[in-house]
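> Below is one structure. I have some questions about it.
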Amino acid sequence: MAENRIGFLQEVLQGLSKKRFAPLDFLGKGSLPERVLALTLGEEPPPGVPGCAREWQQLAEGLRTFDVSNLRVVVLGGGTGLSKAVGGDSRRPEWKINPFTGLKEVFPNLCSLVCVTDDGGSTGEMLKDFPLIGLGDLRHVLLASVRSANLKNQYRLNDKEAAEVAGLLHGIFNLRFTAPPESAEQLWQRSGADPEQLPAPMAGYLSDLMRRLFSDTRMKAALQRPHCLGNLLIAAAIYGKLPSFFRTVELVANQKRLQHAVLEGISDLALAIGAGRNAVLPCTVTPAQLQVLYSNGVMVTGESKAGLAERGWPVERVSVRFVEEPLLPDEAADQLRRADIILLAPGSLYTSIIPILQVPGLADLIRSSSAMKLLVANIWVQQGETDATLDAPEKRFHASDLIRAYDSNIPGGIQGLFSHVLTLDLADIPGSVLQNYAIEKKEPIYVDSEQVRALGFEPVQARIFSRELLRQENVVQHDSDALALAVRTLWGLRAGGFLISPLPPTVRVKAAGPAAVSICPDRLLPCIRFEEISRLVNGMSFRQISLLAEQPKELEPTEREQLIAAVIDILWRHPDIHPAHLSAVRGISLISPARWSRSQQWDNVFSFYDPEDGCLKIRHDQTEDAARLEMPLLVALGQSLLGNYCAEKHLEPVFFQERQIGRIYWLAVRDQQDLNGFLNSGQIDVYLHLAQMSRPDRRKRIYARTVNGEDGFLPPGLLFGLLFAWCLDNRFAPSIDHMMAMMKSGPSALVAKQAETVRQQEKLIAFFREQVFRSRMEQTMRYNADRGMC
């Protein structure tokens, strides 16, 4: 036995004595690119390796100063992630202290392709008045793209003056107001900038834009809403390229003219502020909205809703719904064709990168490019997006999950879109910091290198986080300069033939099929939708039914105006609510709690739709604030979609041997010609069947359901209202969440009935998705034709 061990040790020692190591092998852990990146990003080389210190220093310095001045770089993304990569988070106050950072300062020929589905905050307010793409992310990236060299060359400034101008631009672009400004001069004053402090051509251009906000009648309405000045300046630049007689109707009818103005206006503004012409481009100039399909079958529209969602279900698919055939700007296509480096910036997975890559033709241009292509992975799990996975909803996201999500949502899949995945090395983050984030319910996206390689991509881990923020505030964020240096280093390795190419994939994932562009059937722009909802709500009656008054009376003007504003705001925040959904609503009646006579034996919903007068009846105390009003309003509105479908209904007891053992709920449904709701008779039949109502005699439109013992049940009208609200936001109908729980846990193999129940629930959700919120084209077109909107 001892002789065997000695022989084994001899073999090992002989093998080790024959090994030949290169100096780079001593540069720590990981692949060659990871070890070299550690060196260029400031990690000290190991001591005790003779004769290598000078070479390591030369290598690091050579890569840090590698000439990239002629390279063309295109970076895709949206919002904070793209802004931070390009030139720092331009919304933060500290940006103006160090505005010249990031990719823009390393790569002079940098172009950002920006996502345009943003619909939150000031951008959402803009969409109420303008038939434009989302401008918020464009504003964010425009300011981040301001370059020191451009300001100095264009306006003959020195370093100090260029930094001061960038700081003043920060105040202008980030100025937010809630009260309407009185003049352009007041906007200058509030921004903290003086036109005299800016170069004369820049000050003149920005002053013209501010004056246009007050002189152009098409823009005056926007000043009455809470806004960010930077968004308004972009809109003013765009409208300055359009004839003054072109109002919303003409612009909708002349989309190509409008799209040309969008590109020209953004380009002029980018040039004026020192970002450079074509430094920032929208990925498309066609207005669009994000749609998210969850694995339980619910689909919701709106980027801001997706970001705030707490559905508890993984995202199955993301799509973009355009108002018409989307156009990829020629300028953007040209930038991609000529690119030497293409980066997918960190940021929201489903609301930044995927919408861009769904623009027809864009992903194919990237695939056909010979550029170095990198995906910069997120650091943290994105609430509502990457906090659940399809294969195991209870586990958190890994880098391979991000890649799979891209693959299943991008037409044609991900092969050819990037070859390397640049990620943060979590080993560099203290465990105490990660614990603090966990307390805040934030978790990192873990790097599973072997799984990433199995998918056909090469992971590259690097210290691309801000060490200063980590040291001072225990905050982990991407560092703009470190990221730019990492990209420069990888390019240098590629140019020298030392960038490792990924191996062919050993794991296949199901890629998304060919591009299927989703176009809104009625071309309903958000601003048109808002205008129509506002018209319908303002035309309703608003009454109160109090304890003392015998007859309903109109609300006092102040309360009426407040309620109208709250109702419009709630309806607007749910893009899946179509103006046609209001077709059976004639008004809203507020009933005092003392007069509220509706039974609450089985529910705590203090609202309903009354087909007798076409009014939504809401208990008055539910309107004390908008947050409290939202649920009862949506439930009652959902019920109204059935209209006057019920001609008669009864709840009759069932006896056996003189003992009541249950009840039969039955109702008679009106014929098609007598219906006044959103749904037709065929759709009502389908819904009642899904709501477990049986039709004993097919010759009669009578439906019935048996209720056992003293069990409660949801009548089909209330169930419809709750499902309507639940599909819009599951927080408003926890009872429906409970009802659908079996879909998440899965039916028992021992109980066949459970499988049938799950299938029934899936069909019910599909009915709402396809019939209620995705109503047939002829329905919406007929609605619009009736109102002269087509």
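Identifiers in the structure tokens: chain A, B, ... in order shown; residue index from 1 per chain; ligand index from 1 in order shown.
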What's around Glu450 in chain A at 10 Å? Count only C-alpha atoms, leave out sequence neighbours fewer than 5 positions away in its own chain, and write the answer as a ChimeraX atom specification.
/A:400,455-459
> Those residues with all heavy atoms, as a CSV table (one decimal), in the first residue's frame please?

chain,number,residue,atom,x,y,z
A,400,SER,N,-27.8,33.0,-17.1
A,400,SER,CA,-28.3,32.2,-18.2
A,400,SER,C,-29.8,32.4,-18.3
A,400,SER,O,-30.3,32.2,-19.4
A,400,SER,CB,-28.0,30.7,-17.8
A,400,SER,OG,-28.6,30.3,-16.6
A,455,LEU,N,-24.8,27.6,-23.4
A,455,LEU,CA,-25.7,28.3,-24.3
A,455,LEU,C,-25.0,28.9,-25.5
A,455,LEU,O,-25.6,29.4,-26.5
A,455,LEU,CB,-26.5,29.4,-23.6
A,455,LEU,CG,-27.5,28.9,-22.6
A,455,LEU,CD1,-28.0,30.1,-21.7
A,455,LEU,CD2,-28.6,28.2,-23.2
A,456,GLY,N,-23.6,28.8,-25.5
A,456,GLY,CA,-22.9,29.3,-26.7
A,456,GLY,C,-22.3,30.7,-26.5
A,456,GLY,O,-22.0,31.4,-27.5
A,457,PHE,N,-22.1,31.2,-25.3
A,457,PHE,CA,-21.6,32.5,-25.0
A,457,PHE,C,-20.5,32.4,-24.0
A,457,PHE,O,-20.4,31.5,-23.2
A,457,PHE,CB,-22.7,33.4,-24.5
A,457,PHE,CG,-23.9,33.5,-25.4
A,457,PHE,CD1,-25.0,32.7,-25.3
A,457,PHE,CD2,-23.9,34.4,-26.5
A,457,PHE,CE1,-26.1,32.7,-26.1
A,457,PHE,CE2,-24.9,34.4,-27.4
A,457,PHE,CZ,-26.0,33.6,-27.2
A,458,GLU,N,-19.6,33.4,-24.1
A,458,GLU,CA,-18.4,33.4,-23.2
A,458,GLU,C,-18.6,34.4,-22.1
A,458,GLU,O,-18.7,35.6,-22.4
A,458,GLU,CB,-17.1,33.7,-23.9
A,458,GLU,CG,-15.9,33.7,-23.1
A,458,GLU,CD,-15.6,32.3,-22.4
A,458,GLU,OE1,-16.0,31.3,-23.0
A,458,GLU,OE2,-15.0,32.3,-21.4
A,459,PRO,N,-18.7,34.0,-20.8
A,459,PRO,CA,-18.9,35.0,-19.7
A,459,PRO,C,-17.6,35.7,-19.4
A,459,PRO,O,-16.5,35.0,-19.5
A,459,PRO,CB,-19.4,34.1,-18.6
A,459,PRO,CG,-18.8,32.8,-18.8
A,459,PRO,CD,-18.8,32.6,-20.3
> Just the residues within 12 Å of Leu499 in chain A, please, counting only C-alpha atoms, with nothing from its chain fewer than 6 positions along; format it as an MDAnalysis selection string.
chainID A and resid 31:37 372:373 419:420 458:460 487 489:493
> Export, as a CSV table (one decimal), in the first residue's frame, the selected residues with N, CA and C atoms.

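Saved the output as result-v1.csv:
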chain,number,residue,atom,x,y,z
A,31,SER,N,-10.7,33.3,-16.9
A,31,SER,CA,-10.1,33.1,-18.2
A,31,SER,C,-9.1,34.2,-18.5
A,32,LEU,N,-8.4,34.1,-19.7
A,32,LEU,CA,-7.4,35.1,-20.0
A,32,LEU,C,-8.0,36.5,-20.1
A,33,PRO,N,-9.2,36.8,-20.7
A,33,PRO,CA,-9.8,38.1,-20.7
A,33,PRO,C,-10.1,38.6,-19.3
A,34,GLU,N,-10.5,37.7,-18.4
A,34,GLU,CA,-10.8,38.1,-17.1
A,34,GLU,C,-9.6,38.5,-16.3
A,35,ARG,N,-8.5,37.8,-16.5
A,35,ARG,CA,-7.3,38.1,-15.8
A,35,ARG,C,-6.7,39.4,-16.3
A,36,VAL,N,-6.7,39.6,-17.6
A,36,VAL,CA,-6.2,40.9,-18.2
A,36,VAL,C,-7.1,42.0,-17.7
A,37,LEU,N,-8.4,41.8,-17.7
A,37,LEU,CA,-9.3,42.9,-17.3
A,37,LEU,C,-9.0,43.3,-15.8
A,372,MET,N,-17.5,43.5,-32.8
A,372,MET,CA,-17.5,42.8,-31.5
A,372,MET,C,-18.8,43.2,-30.8
A,373,LYS,N,-19.5,42.1,-30.3
A,373,LYS,CA,-20.8,42.3,-29.7
A,373,LYS,C,-20.8,41.8,-28.3
A,419,SER,N,-21.6,37.8,-28.4
A,419,SER,CA,-20.8,36.6,-28.2
A,419,SER,C,-20.3,36.5,-26.8
A,420,HIS,N,-20.2,37.6,-26.1
A,420,HIS,CA,-19.6,37.7,-24.8
A,420,HIS,C,-20.6,38.4,-23.8
A,458,GLU,N,-19.6,33.4,-24.1
A,458,GLU,CA,-18.4,33.4,-23.2
A,458,GLU,C,-18.6,34.4,-22.1
A,459,PRO,N,-18.7,34.0,-20.8
A,459,PRO,CA,-18.9,35.0,-19.7
A,459,PRO,C,-17.6,35.7,-19.4
A,460,VAL,N,-17.6,36.9,-19.1
A,460,VAL,CA,-16.4,37.7,-18.7
A,460,VAL,C,-16.7,38.4,-17.5
A,487,VAL,N,-14.6,47.6,-21.9
A,487,VAL,CA,-14.9,47.5,-23.4
A,487,VAL,C,-13.6,47.8,-24.2
A,489,THR,N,-10.5,47.4,-23.3
A,489,THR,CA,-9.6,46.3,-23.1
A,489,THR,C,-10.0,45.1,-23.9
A,490,LEU,N,-11.3,44.8,-23.9
A,490,LEU,CA,-11.7,43.6,-24.7
A,490,LEU,C,-11.5,43.9,-26.2
A,491,TRP,N,-11.6,45.1,-26.6
A,491,TRP,CA,-11.4,45.4,-28.0
A,491,TRP,C,-9.9,45.2,-28.3
A,492,GLY,N,-9.0,45.7,-27.4
A,492,GLY,CA,-7.6,45.5,-27.6
A,492,GLY,C,-7.2,44.0,-27.7
A,493,LEU,N,-7.8,43.2,-26.8
A,493,LEU,CA,-7.6,41.8,-26.9
A,493,LEU,C,-8.0,41.2,-28.2
> Select from range 209-347 of chain A everything DSSP, run on the backbone, classes as strand (DSSP E), then give the selection as an mmCIF file with all heavy atoms, in the first residue's frame.

data_model
loop_
_atom_site.group_PDB
_atom_site.id
_atom_site.type_symbol
_atom_site.label_atom_id
_atom_site.label_comp_id
_atom_site.auth_asym_id
_atom_site.auth_seq_id
_atom_site.Cartn_x
_atom_site.Cartn_y
_atom_site.Cartn_z
ATOM 1 N N HIS A 227 -44.461 68.217 -15.342
ATOM 2 C CA HIS A 227 -43.541 67.814 -16.411
ATOM 3 C C HIS A 227 -42.088 68.007 -16.026
ATOM 4 O O HIS A 227 -41.755 68.720 -15.080
ATOM 5 C CB HIS A 227 -43.821 68.617 -17.682
ATOM 6 C CG HIS A 227 -44.804 67.957 -18.589
ATOM 7 N ND1 HIS A 227 -44.658 66.674 -19.049
ATOM 8 C CD2 HIS A 227 -45.962 68.415 -19.125
ATOM 9 C CE1 HIS A 227 -45.687 66.368 -19.826
ATOM 10 N NE2 HIS A 227 -46.489 67.400 -19.876
ATOM 11 N N CYS A 228 -41.260 67.359 -16.816
ATOM 12 C CA CYS A 228 -39.819 67.582 -16.805
ATOM 13 C C CYS A 228 -39.504 68.440 -18.020
ATOM 14 O O CYS A 228 -39.906 68.111 -19.151
ATOM 15 C CB CYS A 228 -39.087 66.247 -16.863
ATOM 16 S SG CYS A 228 -37.294 66.417 -16.895
ATOM 17 N N VAL A 280 -27.592 60.307 -30.467
ATOM 18 C CA VAL A 280 -28.731 59.665 -29.802
ATOM 19 C C VAL A 280 -29.853 59.524 -30.823
ATOM 20 O O VAL A 280 -30.286 60.509 -31.414
ATOM 21 C CB VAL A 280 -29.221 60.485 -28.592
ATOM 22 C CG1 VAL A 280 -30.421 59.805 -27.932
ATOM 23 C CG2 VAL A 280 -28.094 60.680 -27.584
ATOM 24 N N LEU A 281 -30.304 58.280 -31.014
ATOM 25 C CA LEU A 281 -31.365 58.012 -31.987
ATOM 26 C C LEU A 281 -32.423 57.113 -31.358
ATOM 27 O O LEU A 281 -32.087 56.198 -30.595
ATOM 28 C CB LEU A 281 -30.801 57.309 -33.224
ATOM 29 C CG LEU A 281 -29.851 58.105 -34.127
ATOM 30 C CD1 LEU A 281 -29.208 57.175 -35.156
ATOM 31 C CD2 LEU A 281 -30.598 59.240 -34.816
ATOM 32 N N PRO A 282 -33.692 57.355 -31.667
ATOM 33 C CA PRO A 282 -34.718 56.401 -31.226
ATOM 34 C C PRO A 282 -34.621 55.123 -32.050
ATOM 35 O O PRO A 282 -34.270 55.161 -33.236
ATOM 36 C CB PRO A 282 -36.028 57.149 -31.504
ATOM 37 C CG PRO A 282 -35.695 58.084 -32.634
ATOM 38 C CD PRO A 282 -34.258 58.478 -32.446
ATOM 39 N N ALA A 288 -45.342 53.287 -29.857
ATOM 40 C CA ALA A 288 -45.531 51.876 -29.505
ATOM 41 C C ALA A 288 -45.743 51.736 -28.011
ATOM 42 O O ALA A 288 -45.374 52.624 -27.225
ATOM 43 C CB ALA A 288 -44.313 51.059 -29.938
ATOM 44 N N GLN A 289 -46.346 50.621 -27.629
ATOM 45 C CA GLN A 289 -46.550 50.310 -26.215
ATOM 46 C C GLN A 289 -46.088 48.887 -25.938
ATOM 47 O O GLN A 289 -46.230 47.997 -26.782
ATOM 48 C CB GLN A 289 -48.032 50.446 -25.843
ATOM 49 C CG GLN A 289 -48.525 51.892 -25.817
ATOM 50 C CD GLN A 289 -49.992 51.959 -25.416
ATOM 51 O OE1 GLN A 289 -50.860 51.437 -26.105
ATOM 52 N NE2 GLN A 289 -50.266 52.601 -24.290
ATOM 53 N N LEU A 290 -45.558 48.701 -24.743
ATOM 54 C CA LEU A 290 -45.079 47.383 -24.332
ATOM 55 C C LEU A 290 -46.255 46.533 -23.861
ATOM 56 O O LEU A 290 -47.170 47.030 -23.192
ATOM 57 C CB LEU A 290 -44.076 47.545 -23.194
ATOM 58 C CG LEU A 290 -43.225 46.324 -22.853
ATOM 59 C CD1 LEU A 290 -42.147 46.141 -23.901
ATOM 60 C CD2 LEU A 290 -42.607 46.490 -21.477
ATOM 61 N N GLN A 291 -46.230 45.249 -24.199
ATOM 62 C CA GLN A 291 -47.230 44.303 -23.710
ATOM 63 C C GLN A 291 -46.516 43.113 -23.080
ATOM 64 O O GLN A 291 -45.604 42.546 -23.691
ATOM 65 C CB GLN A 291 -48.149 43.832 -24.834
ATOM 66 C CG GLN A 291 -49.041 44.946 -25.369
ATOM 67 C CD GLN A 291 -50.057 44.437 -26.371
ATOM 68 O OE1 GLN A 291 -49.709 43.728 -27.302
ATOM 69 N NE2 GLN A 291 -51.304 44.807 -26.181
ATOM 70 N N VAL A 292 -46.945 42.751 -21.873
ATOM 71 C CA VAL A 292 -46.304 41.665 -21.123
ATOM 72 C C VAL A 292 -47.326 40.564 -20.902
ATOM 73 O O VAL A 292 -48.399 40.802 -20.343
ATOM 74 C CB VAL A 292 -45.761 42.165 -19.773
ATOM 75 C CG1 VAL A 292 -45.127 41.020 -18.999
ATOM 76 C CG2 VAL A 292 -44.742 43.283 -19.992
ATOM 77 N N LEU A 293 -46.982 39.352 -21.358
ATOM 78 C CA LEU A 293 -47.813 38.174 -21.132
ATOM 79 C C LEU A 293 -47.184 37.352 -20.022
ATOM 80 O O LEU A 293 -46.039 36.910 -20.141
ATOM 81 C CB LEU A 293 -47.922 37.335 -22.406
ATOM 82 C CG LEU A 293 -48.702 36.023 -22.276
ATOM 83 C CD1 LEU A 293 -50.178 36.300 -22.000
ATOM 84 C CD2 LEU A 293 -48.536 35.169 -23.529
ATOM 85 N N TYR A 294 -47.922 37.157 -18.926
ATOM 86 C CA TYR A 294 -47.444 36.350 -17.821
ATOM 87 C C TYR A 294 -47.810 34.882 -18.054
ATOM 88 O O TYR A 294 -48.702 34.567 -18.851
ATOM 89 C CB TYR A 294 -48.026 36.857 -16.502
ATOM 90 C CG TYR A 294 -47.536 38.238 -16.150
ATOM 91 C CD1 TYR A 294 -48.243 39.376 -16.545
ATOM 92 C CD2 TYR A 294 -46.353 38.420 -15.447
ATOM 93 C CE1 TYR A 294 -47.787 40.651 -16.242
ATOM 94 C CE2 TYR A 294 -45.889 39.688 -15.134
ATOM 95 C CZ TYR A 294 -46.606 40.801 -15.539
ATOM 96 O OH TYR A 294 -46.146 42.055 -15.247
ATOM 97 N N MET A 299 -52.370 39.239 -19.824
ATOM 98 C CA MET A 299 -51.532 40.166 -20.582
ATOM 99 C C MET A 299 -51.876 41.595 -20.175
ATOM 100 O O MET A 299 -53.054 41.953 -20.069
ATOM 101 C CB MET A 299 -51.744 40.005 -22.092
ATOM 102 C CG MET A 299 -50.933 40.983 -22.931
ATOM 103 S SD MET A 299 -51.195 40.769 -24.714
ATOM 104 C CE MET A 299 -50.117 39.374 -25.018
ATOM 105 N N VAL A 300 -50.848 42.394 -19.913
ATOM 106 C CA VAL A 300 -51.060 43.800 -19.563
ATOM 107 C C VAL A 300 -50.233 44.678 -20.486
ATOM 108 O O VAL A 300 -49.197 44.262 -20.998
ATOM 109 C CB VAL A 300 -50.700 44.096 -18.095
ATOM 110 C CG1 VAL A 300 -51.600 43.328 -17.147
ATOM 111 C CG2 VAL A 300 -49.245 43.777 -17.818
ATOM 112 N N THR A 301 -50.727 45.875 -20.686
ATOM 113 C CA THR A 301 -50.068 46.838 -21.559
ATOM 114 C C THR A 301 -49.487 47.969 -20.735
ATOM 115 O O THR A 301 -50.131 48.457 -19.811
ATOM 116 C CB THR A 301 -51.073 47.404 -22.584
ATOM 117 O OG1 THR A 301 -51.625 46.333 -23.347
ATOM 118 C CG2 THR A 301 -50.402 48.392 -23.527
ATOM 119 N N VAL A 315 -42.726 36.102 -16.309
ATOM 120 C CA VAL A 315 -43.057 36.668 -17.620
ATOM 121 C C VAL A 315 -42.809 35.589 -18.672
ATOM 122 O O VAL A 315 -41.735 35.003 -18.732
ATOM 123 C CB VAL A 315 -42.189 37.908 -17.921
ATOM 124 C CG1 VAL A 315 -42.422 38.387 -19.351
ATOM 125 C CG2 VAL A 315 -42.505 39.019 -16.931
ATOM 126 N N GLU A 316 -43.810 35.331 -19.487
ATOM 127 C CA GLU A 316 -43.668 34.329 -20.546
ATOM 128 C C GLU A 316 -43.220 34.954 -21.859
ATOM 129 O O GLU A 316 -42.383 34.411 -22.571
ATOM 130 C CB GLU A 316 -44.988 33.592 -20.759
ATOM 131 C CG GLU A 316 -44.910 32.496 -21.823
ATOM 132 C CD GLU A 316 -46.149 31.632 -21.835
ATOM 133 O OE1 GLU A 316 -46.465 31.040 -20.793
ATOM 134 O OE2 GLU A 316 -46.801 31.564 -22.895
ATOM 135 N N ARG A 317 -43.782 36.105 -22.168
ATOM 136 C CA ARG A 317 -43.436 36.731 -23.445
ATOM 137 C C ARG A 317 -43.650 38.239 -23.352
ATOM 138 O O ARG A 317 -44.554 38.698 -22.656
ATOM 139 C CB ARG A 317 -44.308 36.150 -24.577
ATOM 140 C CG ARG A 317 -43.850 36.578 -25.965
ATOM 141 C CD ARG A 317 -44.671 35.913 -27.080
ATOM 142 N NE ARG A 317 -46.027 36.430 -27.153
ATOM 143 C CZ ARG A 317 -47.115 35.735 -26.869
ATOM 144 N NH1 ARG A 317 -47.012 34.491 -26.444
ATOM 145 N NH2 ARG A 317 -48.316 36.272 -26.965
ATOM 146 N N VAL A 318 -42.817 38.963 -24.055
ATOM 147 C CA VAL A 318 -42.953 40.414 -24.153
ATOM 148 C C VAL A 318 -43.087 40.776 -25.622
ATOM 149 O O VAL A 318 -42.366 40.251 -26.469
ATOM 150 C CB VAL A 318 -41.725 41.132 -23.539
ATOM 151 C CG1 VAL A 318 -41.796 42.624 -23.808
ATOM 152 C CG2 VAL A 318 -41.651 40.870 -22.054
ATOM 153 N N SER A 319 -44.014 41.649 -25.914
ATOM 154 C CA SER A 319 -44.175 42.106 -27.295
ATOM 155 C C SER A 319 -44.382 43.610 -27.298
ATOM 156 O O SER A 319 -44.649 44.220 -26.261
ATOM 157 C CB SER A 319 -45.360 41.396 -27.975
ATOM 158 O OG SER A 319 -46.555 41.650 -27.266
ATOM 159 N N VAL A 320 -44.242 44.188 -28.463
ATOM 160 C CA VAL A 320 -44.444 45.621 -28.627
ATOM 161 C C VAL A 320 -45.593 45.814 -29.611
ATOM 162 O O VAL A 320 -45.597 45.244 -30.702
ATOM 163 C CB VAL A 320 -43.170 46.317 -29.157
ATOM 164 C CG1 VAL A 320 -43.416 47.804 -29.336
ATOM 165 C CG2 VAL A 320 -42.014 46.087 -28.198
ATOM 166 N N ARG A 321 -46.572 46.606 -29.205
ATOM 167 C CA ARG A 321 -47.704 46.903 -30.079
ATOM 168 C C ARG A 321 -47.513 48.299 -30.662
ATOM 169 O O ARG A 321 -47.493 49.293 -29.939
ATOM 170 C CB ARG A 321 -49.025 46.822 -29.308
ATOM 171 C CG ARG A 321 -50.256 47.007 -30.204
ATOM 172 C CD ARG A 321 -51.549 46.830 -29.423
ATOM 173 N NE ARG A 321 -51.714 47.862 -28.417
ATOM 174 C CZ ARG A 321 -52.768 47.933 -27.606
ATOM 175 N NH1 ARG A 321 -53.705 47.012 -27.667
ATOM 176 N NH2 ARG A 321 -52.852 48.896 -26.719
ATOM 177 N N PHE A 322 -47.351 48.348 -31.962
ATOM 178 C CA PHE A 322 -47.146 49.606 -32.667
ATOM 179 C C PHE A 322 -48.476 50.146 -33.175
ATOM 180 O O PHE A 322 -49.409 49.386 -33.428
ATOM 181 C CB PHE A 322 -46.190 49.401 -33.846
ATOM 182 C CG PHE A 322 -44.822 48.889 -33.458
ATOM 183 C CD1 PHE A 322 -44.558 47.524 -33.426
ATOM 184 C CD2 PHE A 322 -43.813 49.762 -33.112
ATOM 185 C CE1 PHE A 322 -43.319 47.033 -33.066
ATOM 186 C CE2 PHE A 322 -42.561 49.295 -32.744
ATOM 187 C CZ PHE A 322 -42.316 47.924 -32.724
ATOM 188 N N ILE A 341 -18.150 48.035 -32.758
ATOM 189 C CA ILE A 341 -18.546 47.452 -31.472
ATOM 190 C C ILE A 341 -20.041 47.689 -31.283
ATOM 191 O O ILE A 341 -20.529 48.799 -31.507
ATOM 192 C CB ILE A 341 -17.768 48.082 -30.295
ATOM 193 C CG1 ILE A 341 -16.261 47.870 -30.455
ATOM 194 C CG2 ILE A 341 -18.249 47.507 -28.965
ATOM 195 C CD1 ILE A 341 -15.437 48.581 -29.380
ATOM 196 N N ILE A 342 -20.764 46.657 -30.875
ATOM 197 C CA ILE A 342 -22.189 46.777 -30.547
ATOM 198 C C ILE A 342 -22.376 46.277 -29.127
ATOM 199 O O ILE A 342 -21.994 45.157 -28.792
ATOM 200 C CB ILE A 342 -23.071 45.979 -31.525
ATOM 201 C CG1 ILE A 342 -22.922 46.532 -32.952
ATOM 202 C CG2 ILE A 342 -24.536 46.021 -31.090
ATOM 203 C CD1 ILE A 342 -23.669 45.730 -34.001
ATOM 204 N N LEU A 343 -22.956 47.138 -28.284
ATOM 205 C CA LEU A 343 -23.178 46.800 -26.873
ATOM 206 C C LEU A 343 -24.664 46.782 -26.564
ATOM 207 O O LEU A 343 -25.400 47.680 -26.992
ATOM 208 C CB LEU A 343 -22.519 47.835 -25.952
ATOM 209 C CG LEU A 343 -21.012 48.072 -26.074
ATOM 210 C CD1 LEU A 343 -20.602 49.198 -25.142
ATOM 211 C CD2 LEU A 343 -20.253 46.805 -25.734
ATOM 212 N N LEU A 344 -25.083 45.777 -25.818
ATOM 213 C CA LEU A 344 -26.421 45.774 -25.228
ATOM 214 C C LEU A 344 -26.230 46.228 -23.785
ATOM 215 O O LEU A 344 -25.658 45.514 -22.974
ATOM 216 C CB LEU A 344 -27.053 44.389 -25.292
ATOM 217 C CG LEU A 344 -27.175 43.766 -26.689
ATOM 218 C CD1 LEU A 344 -27.915 42.430 -26.610
ATOM 219 C CD2 LEU A 344 -27.890 44.697 -27.649
#
> Can you pull out every residue within 8 Å of Arg64 in chain A, counting only C-alpha atoms, but drop anything in the same chain fewer than 2 positions away, and send it as a ChimeraX atom specification?
/A:40,60-62,66,485,488-489
> Near range 661-663 of chain A, counting only C-alpha atoms, which residues have an atom at most 6 Å away, once you skip same-chain residues fewer than 2 positions from it, shown as a short mmCIF file (atom, residue, chain, number, x, y, z; two decimals) with all heavy atoms, in the first residue's frame?

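Generated output (around_28.cif):
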data_model
loop_
_atom_site.label_atom_id
_atom_site.label_comp_id
_atom_site.auth_asym_id
_atom_site.auth_seq_id
_atom_site.Cartn_x
_atom_site.Cartn_y
_atom_site.Cartn_z
N GLU A 652 -83.29 30.38 -6.01
CA GLU A 652 -84.36 29.56 -5.46
C GLU A 652 -83.78 28.45 -4.57
O GLU A 652 -82.77 27.83 -4.92
CB GLU A 652 -85.17 28.93 -6.59
CG GLU A 652 -85.85 29.96 -7.47
CD GLU A 652 -86.64 29.30 -8.59
OE1 GLU A 652 -86.50 28.07 -8.77
OE2 GLU A 652 -87.38 30.03 -9.29
N PRO A 653 -84.43 28.16 -3.45
CA PRO A 653 -83.96 27.10 -2.57
C PRO A 653 -84.23 25.71 -3.16
O PRO A 653 -85.18 25.51 -3.92
CB PRO A 653 -84.75 27.31 -1.28
CG PRO A 653 -86.01 28.00 -1.73
CD PRO A 653 -85.61 28.86 -2.90
N VAL A 654 -83.38 24.75 -2.82
CA VAL A 654 -83.55 23.36 -3.23
C VAL A 654 -83.73 22.53 -1.96
O VAL A 654 -82.91 22.61 -1.03
CB VAL A 654 -82.33 22.87 -4.03
CG1 VAL A 654 -82.48 21.39 -4.36
CG2 VAL A 654 -82.17 23.68 -5.30
N PHE A 655 -84.82 21.71 -1.93
CA PHE A 655 -85.14 20.93 -0.73
C PHE A 655 -85.02 19.44 -1.03
O PHE A 655 -85.26 18.99 -2.16
CB PHE A 655 -86.57 21.23 -0.26
CG PHE A 655 -86.73 22.62 0.27
CD1 PHE A 655 -87.15 23.66 -0.58
CD2 PHE A 655 -86.49 22.91 1.61
CE1 PHE A 655 -87.32 24.94 -0.10
CE2 PHE A 655 -86.66 24.20 2.09
CZ PHE A 655 -87.06 25.21 1.25
N THR A 706 -76.11 25.41 -9.59
CA THR A 706 -76.47 24.90 -8.27
C THR A 706 -75.43 25.33 -7.24
O THR A 706 -74.23 25.24 -7.48
CB THR A 706 -76.57 23.37 -8.27
OG1 THR A 706 -77.54 22.98 -9.25
CG2 THR A 706 -77.00 22.85 -6.91
N VAL A 707 -75.91 25.81 -6.09
CA VAL A 707 -75.04 26.21 -4.99
C VAL A 707 -75.32 25.28 -3.82
O VAL A 707 -76.46 25.20 -3.35
CB VAL A 707 -75.29 27.67 -4.59
CG1 VAL A 707 -74.30 28.08 -3.49
CG2 VAL A 707 -75.16 28.59 -5.79
N ASN A 708 -74.33 24.57 -3.35
CA ASN A 708 -74.52 23.59 -2.28
C ASN A 708 -74.68 24.26 -0.92
O ASN A 708 -73.95 25.21 -0.59
CB ASN A 708 -73.34 22.63 -2.22
CG ASN A 708 -73.26 21.75 -3.44
OD1 ASN A 708 -74.28 21.41 -4.04
ND2 ASN A 708 -72.04 21.37 -3.82
N GLY A 709 -75.59 23.73 -0.13
CA GLY A 709 -75.74 24.15 1.25
C GLY A 709 -75.78 25.65 1.42
O GLY A 709 -76.50 26.37 0.74
#
